[in-house]
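Trainee: One file is attached below, target14.cif, containing mmCIF, C-alpha atoms and all ligand atoms.
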data_entry
loop_
_atom_site.label_atom_id
_atom_site.label_comp_id
_atom_site.auth_asym_id
_atom_site.auth_seq_id
_atom_site.Cartn_x
_atom_site.Cartn_y
_atom_site.Cartn_z
CA MET A 1 13.03 -5.32 -15.93
CA VAL A 2 10.66 -8.27 -15.64
CA GLY A 3 8.92 -10.03 -12.80
CA ARG A 4 7.23 -8.68 -9.77
CA MET A 5 8.46 -5.62 -7.94
CA VAL A 6 5.88 -5.46 -5.18
CA ALA A 7 4.08 -8.51 -3.86
CA PHE A 8 1.20 -8.64 -1.40
CA ARG A 9 0.91 -12.11 0.06
CA GLY A 10 -2.23 -12.86 2.01
CA VAL A 11 -2.16 -9.31 3.39
CA GLU A 12 -4.71 -8.46 6.01
CA VAL A 13 -4.76 -5.15 7.90
CA ARG A 14 -6.98 -4.51 10.90
CA PHE A 15 -7.60 -1.36 12.86
CA GLY A 16 -9.32 -2.51 16.03
CA SER A 17 -12.58 -4.06 14.89
CA VAL A 18 -12.25 -2.64 11.33
CA THR A 19 -10.75 -4.90 8.70
CA ALA A 20 -9.30 -2.49 6.15
CA VAL A 21 -7.62 -5.18 4.02
CA ALA A 22 -9.11 -8.65 4.14
CA GLY A 23 -6.57 -10.93 2.49
CA VAL A 24 -4.96 -9.48 -0.63
CA ASP A 25 -2.68 -11.42 -2.95
CA LEU A 26 -1.24 -9.29 -5.72
CA ALA A 27 1.93 -9.27 -7.77
CA VAL A 28 2.73 -5.80 -9.09
CA GLN A 29 4.72 -6.19 -12.30
CA ALA A 30 8.05 -4.40 -12.53
CA GLY A 31 8.29 -1.48 -14.92
CA ARG A 32 4.54 -1.23 -15.40
CA THR A 33 1.75 0.86 -13.97
CA THR A 34 -0.90 -0.83 -11.84
CA ALA A 35 -3.99 1.06 -10.65
CA LEU A 36 -5.85 0.24 -7.44
CA ILE A 37 -9.44 1.36 -7.73
CA GLY A 38 -12.63 0.88 -5.75
CA PRO A 39 -15.12 2.68 -3.55
CA SER A 40 -14.00 4.92 -0.73
CA GLY A 41 -12.89 2.89 2.27
CA CYS A 42 -12.10 -0.30 0.31
CA GLY A 43 -8.48 -0.33 1.53
CA LYS A 44 -6.55 1.30 -1.33
CA SER A 45 -4.55 3.75 0.78
CA THR A 46 -3.95 1.12 3.44
CA LEU A 47 -2.34 -1.15 0.83
CA LEU A 48 0.05 1.63 -0.23
CA ARG A 49 0.85 2.44 3.39
CA ALA A 50 1.71 -1.21 4.01
CA VAL A 51 4.37 -0.99 1.27
CA VAL A 52 6.22 1.77 3.13
CA GLY A 53 5.65 0.42 6.63
CA LEU A 54 3.22 3.11 7.76
CA VAL A 55 0.79 0.31 8.67
CA TRP A 56 1.62 -3.32 9.41
CA PRO A 57 -0.34 -6.36 8.26
CA SER A 58 -2.04 -8.38 10.98
CA ALA A 59 -1.51 -11.37 8.67
CA GLY A 60 0.52 -11.99 5.53
CA ARG A 61 3.36 -9.83 4.25
CA VAL A 62 4.44 -7.33 1.64
CA GLU A 63 7.63 -7.72 -0.37
CA VAL A 64 9.48 -5.08 -2.36
CA GLY A 65 12.04 -6.32 -4.85
CA GLY A 66 11.94 -9.71 -3.13
CA THR A 67 12.62 -8.26 0.34
CA ALA A 68 9.93 -8.60 3.01
CA VAL A 69 8.88 -5.25 4.46
CA THR A 70 9.82 -5.42 8.16
CA SER A 71 10.88 -2.85 10.73
CA ASP A 72 14.49 -3.79 9.89
CA THR A 73 14.19 -3.45 6.12
CA VAL A 74 11.79 -0.51 5.93
CA PRO A 75 14.36 2.32 6.30
CA GLY A 76 16.35 1.01 3.33
CA LEU A 77 13.26 0.18 1.29
CA ARG A 78 11.86 3.68 1.80
CA LEU A 79 14.89 5.14 0.03
CA LYS A 80 13.95 3.04 -3.02
CA THR A 81 10.30 4.04 -2.89
CA GLY A 82 8.75 7.35 -3.92
CA TYR A 83 5.40 8.16 -2.33
CA VAL A 84 2.92 10.90 -3.23
CA ILE A 85 -0.28 11.44 -1.25
CA GLN A 86 -3.43 13.19 -2.40
CA GLU A 87 -2.59 16.64 -1.07
CA GLY A 88 1.06 16.26 -2.01
CA GLY A 89 2.25 16.32 1.58
CA LEU A 90 4.86 19.01 0.93
CA PHE A 91 6.44 20.68 3.97
CA PRO A 92 4.94 24.19 4.05
CA HIS A 93 7.99 25.80 5.65
CA LEU A 94 10.35 24.60 2.92
CA THR A 95 10.52 25.93 -0.65
CA ALA A 96 9.63 23.60 -3.50
CA ARG A 97 13.36 23.07 -4.16
CA GLN A 98 14.06 22.32 -0.50
CA ASN A 99 11.19 19.84 -0.45
CA VAL A 100 12.64 18.04 -3.48
CA THR A 101 16.22 17.93 -2.18
CA LEU A 102 15.43 17.23 1.49
CA MET A 103 16.31 13.54 1.48
CA ALA A 104 19.37 13.96 -0.75
CA ASP A 105 20.59 16.68 1.64
CA VAL A 106 19.91 14.50 4.71
CA LEU A 107 21.87 11.69 3.06
CA GLY A 108 24.76 14.07 2.39
CA ARG A 109 24.59 13.73 -1.38
CA ASP A 110 26.77 16.02 -3.49
CA GLY A 111 25.07 19.42 -3.81
CA ALA A 112 26.00 20.00 -7.46
CA ALA A 113 24.71 16.56 -8.47
CA THR A 114 21.49 17.19 -6.55
CA ALA A 115 21.03 20.57 -8.27
CA ARG A 116 21.44 18.88 -11.66
CA ARG A 117 18.92 16.24 -10.65
CA VAL A 118 16.42 18.96 -9.69
CA GLU A 119 16.85 20.56 -13.12
CA GLU A 120 16.27 17.22 -14.86
CA LEU A 121 13.20 16.50 -12.76
CA ALA A 122 11.68 19.94 -13.33
CA GLU A 123 12.00 19.36 -17.05
CA LEU A 124 10.55 15.86 -16.73
CA VAL A 125 7.44 16.98 -14.83
CA ARG A 126 7.24 20.23 -16.83
CA LEU A 127 7.59 22.63 -13.92
CA GLU A 128 8.95 26.08 -14.65
CA PRO A 129 12.27 26.16 -12.71
CA ALA A 130 11.62 29.64 -11.23
CA LEU A 131 8.71 28.13 -9.27
CA LEU A 132 11.17 25.99 -7.30
CA GLU A 133 12.04 28.96 -5.11
CA ARG A 134 8.41 29.34 -3.98
CA TYR A 135 6.78 27.89 -0.88
CA PRO A 136 3.97 25.34 -1.39
CA LEU A 137 1.29 27.90 -0.48
CA GLU A 138 2.54 30.11 -3.34
CA LEU A 139 1.91 27.34 -5.88
CA SER A 140 -1.30 26.14 -7.54
CA GLY A 141 -2.61 22.65 -6.73
CA GLY A 142 -1.29 21.28 -10.02
CA GLN A 143 2.14 22.84 -9.50
CA ARG A 144 2.28 21.40 -5.97
CA GLN A 145 1.58 17.91 -7.32
CA ARG A 146 4.36 18.34 -9.90
CA VAL A 147 6.72 19.25 -7.04
CA ALA A 148 5.48 16.29 -4.98
CA LEU A 149 6.22 14.03 -7.95
CA MET A 150 9.72 15.54 -8.26
CA ARG A 151 10.30 14.87 -4.56
CA ALA A 152 9.13 11.28 -4.93
CA LEU A 153 11.52 10.79 -7.88
CA ALA A 154 14.47 12.65 -6.34
CA LEU A 155 16.39 9.55 -5.25
CA ASP A 156 15.52 7.67 -8.46
CA PRO A 157 13.36 5.08 -6.69
CA ASP A 158 12.54 1.62 -8.05
CA VAL A 159 8.90 1.95 -7.03
CA LEU A 160 6.54 4.90 -7.22
CA LEU A 161 3.42 4.90 -5.01
CA LEU A 162 0.82 7.51 -5.93
CA ASP A 163 -2.26 7.84 -3.72
CA GLU A 164 -4.94 9.78 -5.62
CA PRO A 165 -2.32 12.30 -6.77
CA LEU A 166 -4.77 14.13 -9.04
CA SER A 167 -8.02 13.89 -7.09
CA ALA A 168 -7.88 17.35 -5.56
CA LEU A 169 -7.34 19.09 -8.91
CA ASP A 170 -9.90 20.72 -11.19
CA PRO A 171 -10.69 18.86 -14.44
CA MET A 172 -8.50 20.90 -16.81
CA VAL A 173 -5.44 20.81 -14.59
CA ARG A 174 -6.10 17.17 -13.94
CA ALA A 175 -6.30 16.29 -17.63
CA GLY A 176 -3.00 18.09 -18.26
CA LEU A 177 -1.29 16.24 -15.43
CA GLN A 178 -2.71 12.89 -16.56
CA THR A 179 -1.09 13.41 -19.96
CA ASP A 180 2.21 14.40 -18.36
CA LEU A 181 2.12 11.53 -15.85
CA ARG A 182 1.58 9.00 -18.61
CA ASP A 183 4.54 10.47 -20.45
CA VAL A 184 6.68 10.36 -17.28
CA PHE A 185 5.74 6.72 -16.61
CA ALA A 186 6.57 5.75 -20.19
CA ARG A 187 9.91 7.58 -20.12
CA LEU A 188 11.06 6.26 -16.75
CA GLY A 189 9.76 2.70 -17.00
CA LYS A 190 9.38 2.51 -13.22
CA THR A 191 7.07 0.27 -11.27
CA VAL A 192 4.10 2.47 -10.43
CA LEU A 193 1.30 1.61 -8.04
CA LEU A 194 -1.39 4.24 -8.43
CA VAL A 195 -4.55 4.71 -6.39
CA THR A 196 -7.47 6.41 -8.07
CA HIS A 197 -11.25 6.32 -7.82
CA ASP A 198 -11.65 7.28 -11.48
CA MET A 199 -11.83 4.35 -13.92
CA ALA A 200 -11.06 6.54 -16.94
CA GLU A 201 -7.89 7.71 -15.20
CA ALA A 202 -6.97 4.14 -14.26
CA ALA A 203 -7.49 2.96 -17.85
CA TYR A 204 -5.51 5.89 -19.26
CA LEU A 205 -2.53 5.55 -16.93
CA ALA A 206 -2.30 1.86 -16.02
CA GLU A 207 -1.73 -1.40 -17.88
CA THR A 208 -3.38 -3.37 -15.08
CA ILE A 209 -6.45 -2.36 -13.10
CA VAL A 210 -7.13 -3.93 -9.70
CA LEU A 211 -10.71 -3.41 -8.55
CA LEU A 212 -11.19 -3.67 -4.79
CA ARG A 213 -14.24 -3.88 -2.59
CA GLU A 214 -14.29 -4.04 1.20
CA GLY A 215 -10.64 -4.96 1.51
CA ARG A 216 -10.63 -7.67 -1.16
CA ILE A 217 -9.69 -7.84 -4.82
CA VAL A 218 -12.79 -8.33 -6.94
CA GLN A 219 -11.04 -8.44 -10.33
CA THR A 220 -7.66 -7.75 -11.92
CA GLY A 221 -7.25 -6.97 -15.62
CA THR A 222 -7.61 -4.34 -18.30
CA LEU A 223 -10.68 -2.12 -18.60
CA ASN A 224 -11.81 -4.40 -21.43
CA ASP A 225 -11.47 -7.49 -19.24
CA LEU A 226 -13.62 -5.82 -16.60
CA ARG A 227 -16.18 -4.67 -19.15
CA GLU A 228 -16.39 -7.87 -21.18
CA ARG A 229 -15.85 -10.46 -18.46
CA PRO A 230 -16.98 -8.94 -15.15
CA ALA A 231 -16.14 -11.31 -12.31
CA GLU A 232 -19.21 -10.28 -10.30
CA PRO A 233 -22.25 -8.02 -10.69
CA PHE A 234 -20.34 -5.48 -8.56
CA VAL A 235 -17.88 -4.93 -11.43
CA GLU A 236 -20.69 -3.92 -13.78
CA ALA A 237 -22.29 -1.75 -11.12
CA PHE A 238 -18.98 -0.01 -10.46
CA LEU A 239 -18.39 0.62 -14.18
CA THR A 240 -21.93 1.87 -14.68
CA ALA A 241 -21.49 4.31 -11.81
CA GLN A 242 -18.47 5.79 -13.64
CA ARG A 243 -20.48 7.94 -16.02
CA SER A 244 -17.39 9.46 -17.62
CA LEU A 245 -16.78 6.09 -19.28
CA VAL A 246 -19.91 6.30 -21.41
CA ALA A 247 -17.91 8.15 -24.03
CA LEU A 248 -15.05 5.64 -24.13
N1 LIG A 301 -5.55 4.48 11.01
C1 LIG A 301 -6.78 3.97 10.92
N2 LIG A 301 -7.50 3.70 12.03
C2 LIG A 301 -8.73 3.16 11.93
N3 LIG A 301 -9.33 2.85 10.76
C3 LIG A 301 -8.67 3.11 9.64
C4 LIG A 301 -7.37 3.68 9.64
N4 LIG A 301 -6.95 3.81 8.35
C5 LIG A 301 -7.95 3.36 7.58
N5 LIG A 301 -8.99 2.93 8.35
C6 LIG A 301 -10.23 2.32 7.85
O1 LIG A 301 -9.87 1.28 6.98
C7 LIG A 301 -10.71 1.24 5.84
C8 LIG A 301 -9.90 1.42 4.57
O2 LIG A 301 -9.37 2.73 4.55
P1 LIG A 301 -8.48 3.27 3.34
O3 LIG A 301 -7.41 2.30 3.04
O4 LIG A 301 -8.08 4.65 3.71
O5 LIG A 301 -9.55 3.29 2.15
P2 LIG A 301 -9.48 3.97 0.72
O6 LIG A 301 -8.13 4.56 0.53
O7 LIG A 301 -9.78 2.86 -0.25
O8 LIG A 301 -10.58 5.00 0.69
C9 LIG A 301 -11.77 2.31 6.07
O9 LIG A 301 -12.86 1.72 6.69
C10 LIG A 301 -11.06 3.27 7.00
O10 LIG A 301 -11.99 3.97 7.79
MG MG A 302 -7.53 6.50 0.23
#
As a first step, turn the structure in this file into structure tokens.
Ligand SMILES: Nc1ncnc2c1ncn2[C@@H]1O[C@H](COP(=O)(O)OP(=O)(O)O)[C@@H](O)[C@H]1O
Ligand SMILES: [Mg+2]

Mentor:
Amino acid sequence: MVGRMVAFRGVEVRFGSVTAVAGVDLAVQAGRTTALIGPSGCGKSTLLRAVVGLVWPSAGRVEVGGTAVTSDTVPGLRLKTGYVIQEGGLFPHLTARQNVTLMADVLGRDGAATARRVEELAELVRLEPALLERYPLELSGGQRQRVALMRALALDPDVLLLDEPLSALDPMVRAGLQTDLRDVFARLGKTVLLVTHDMAEAAYLAETIVLLREGRIVQTGTLNDLRERPAEPFVEAFLTAQRSLVAL
């Protein structure tokens, strides 16, 4: 698939006197991975939330697959959008399997087909199938994020939104999941919009990096673009602050 899958057009989001997003124009290319990165509070999560109608722009609009996100279109668009938040957001009173199949069950999808889908997804995200019968509290952080990813992929969405999916994990688990995520993205060819605060992770997982500051895009490009042609001194300062990049 070519073209843009998600478009932010002059998007501004305000919370009272706080401007969380201060005019963002961004075309997220279909079938590729785009990383949103920037300091805490720069508006990354708010941009993802605007895609699924959890917050509404005070100006501008968001489009998914050419359809403007409105209160009328959001229920349908949500079925085509998988969303994973930092802590996974799994329902604690449901088993991993029940978390993954919840929406398919609500929609009355065929049980046997759903069970096959769960098997496929467990293999894709490399989760041992026996763990599906456990409750989230009985899983490790990394296993929970694998389940959250399965849940996000359950309805085979066009768009995958991942909000710091690996940030709460320890470095070894995180490195393992980064490798697996990259493999999943490559195999599925979905449009992925990933939030991270780690430039090495952004460069490893995404073709395009979007660096934000105080609700605005500072620069869009590859890690090399940012390193070799920084748009502002802030880009250099941000890269320098990411000490893990010294080795790259
Ligand atoms: N529901 C809300 N009510 C008030 N302020 C909010 C709300 N959500 C986010 N903000 C503020 O908007 C700004 C951007 O937040 P956020 O998008 O969560 O940043 P990031 O994900 O980049 O750390 C921050 O100043 C944050 O405090
Ligand atoms: Mg955030």

Trainee: What are the closest atom pairs, with distances in Å to one decimal, for all residues of chain A lying within 10 Å of ligand MG 302 (chain A)? Consider only C-alpha atoms and all ligand atoms, order rows by chain and residue number, and present the result as CSV.

Mentor:
residue,atom,partner,partner_atom,distance
A:Ile37,CA,A:MG302,MG,9.7
A:Gly38,CA,A:MG302,MG,9.7
A:Pro39,CA,A:MG302,MG,9.3
A:Ser40,CA,A:MG302,MG,6.7
A:Gly41,CA,A:MG302,MG,6.8
A:Cys42,CA,A:MG302,MG,8.2
A:Gly43,CA,A:MG302,MG,7.0
A:Lys44,CA,A:MG302,MG,5.5
A:Ser45,CA,A:MG302,MG,4.1
A:Thr46,CA,A:MG302,MG,7.2
A:Leu47,CA,A:MG302,MG,9.3
A:Leu48,CA,A:MG302,MG,9.0
A:Arg49,CA,A:MG302,MG,9.8
A:Ile85,CA,A:MG302,MG,8.9
A:Gln86,CA,A:MG302,MG,8.3
A:Asp163,CA,A:MG302,MG,6.7
A:Glu164,CA,A:MG302,MG,7.2
A:Val195,CA,A:MG302,MG,7.5
A:Thr196,CA,A:MG302,MG,8.3
A:His197,CA,A:MG302,MG,8.9

Trainee: What does the distance from atom CA of Arg227 of chain A to atom CA of Val51 of chain A come to in Å, to one decimal?

Mentor: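 Atom CA of Arg227 of chain A sits 29.2 Å away from atom CA of Val51 of chain A.
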
Trainee: Give me, as JSON, numbers by chain, all polymer residues having an atom no more than 12 Å from Ser58 of chain A, counting all atoms listed in the file and skipping those fewer than 5 positions away in the same chain.

Mentor: {"A": [9, 10, 11, 12, 13, 14, 15, 16, 18, 19, 20, 21, 22, 23, 50]}

Trainee: How big is the axis-aligned box around the listed atoms of ligand LIG 301 (chain A) once 5 Å is added on each side, and where is its centre? Give both in Å to one decimal, as AutoDock Vina command-line options.

Mentor:
--center_x -9.2 --center_y 3.1 --center_z 5.9 --size_x 17.3 --size_y 13.8 --size_z 22.3

Trainee: Extract, using all atoms listed in the file, all DNA, RNA and protein residues at most 7 Å from segment 68-81 of chain A, discarding same-chain residues fewer than 5 positions from it, and format them as a tab-separated table (two decimals) with C-alpha atoms, in the frame of the given file.

Mentor:
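Below is the file out_12.tsv, written as the result:
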chain	number	residue	atom	x	y	z
A	51	VAL	CA	4.37	-0.99	1.27
A	52	VAL	CA	6.22	1.77	3.13
A	53	GLY	CA	5.65	0.42	6.63
A	61	ARG	CA	3.36	-9.83	4.25
A	62	VAL	CA	4.44	-7.33	1.64
A	63	GLU	CA	7.63	-7.72	-0.37
A	157	PRO	CA	13.36	5.08	-6.69
A	158	ASP	CA	12.54	1.62	-8.05
A	159	VAL	CA	8.90	1.95	-7.03
A	160	LEU	CA	6.54	4.90	-7.22
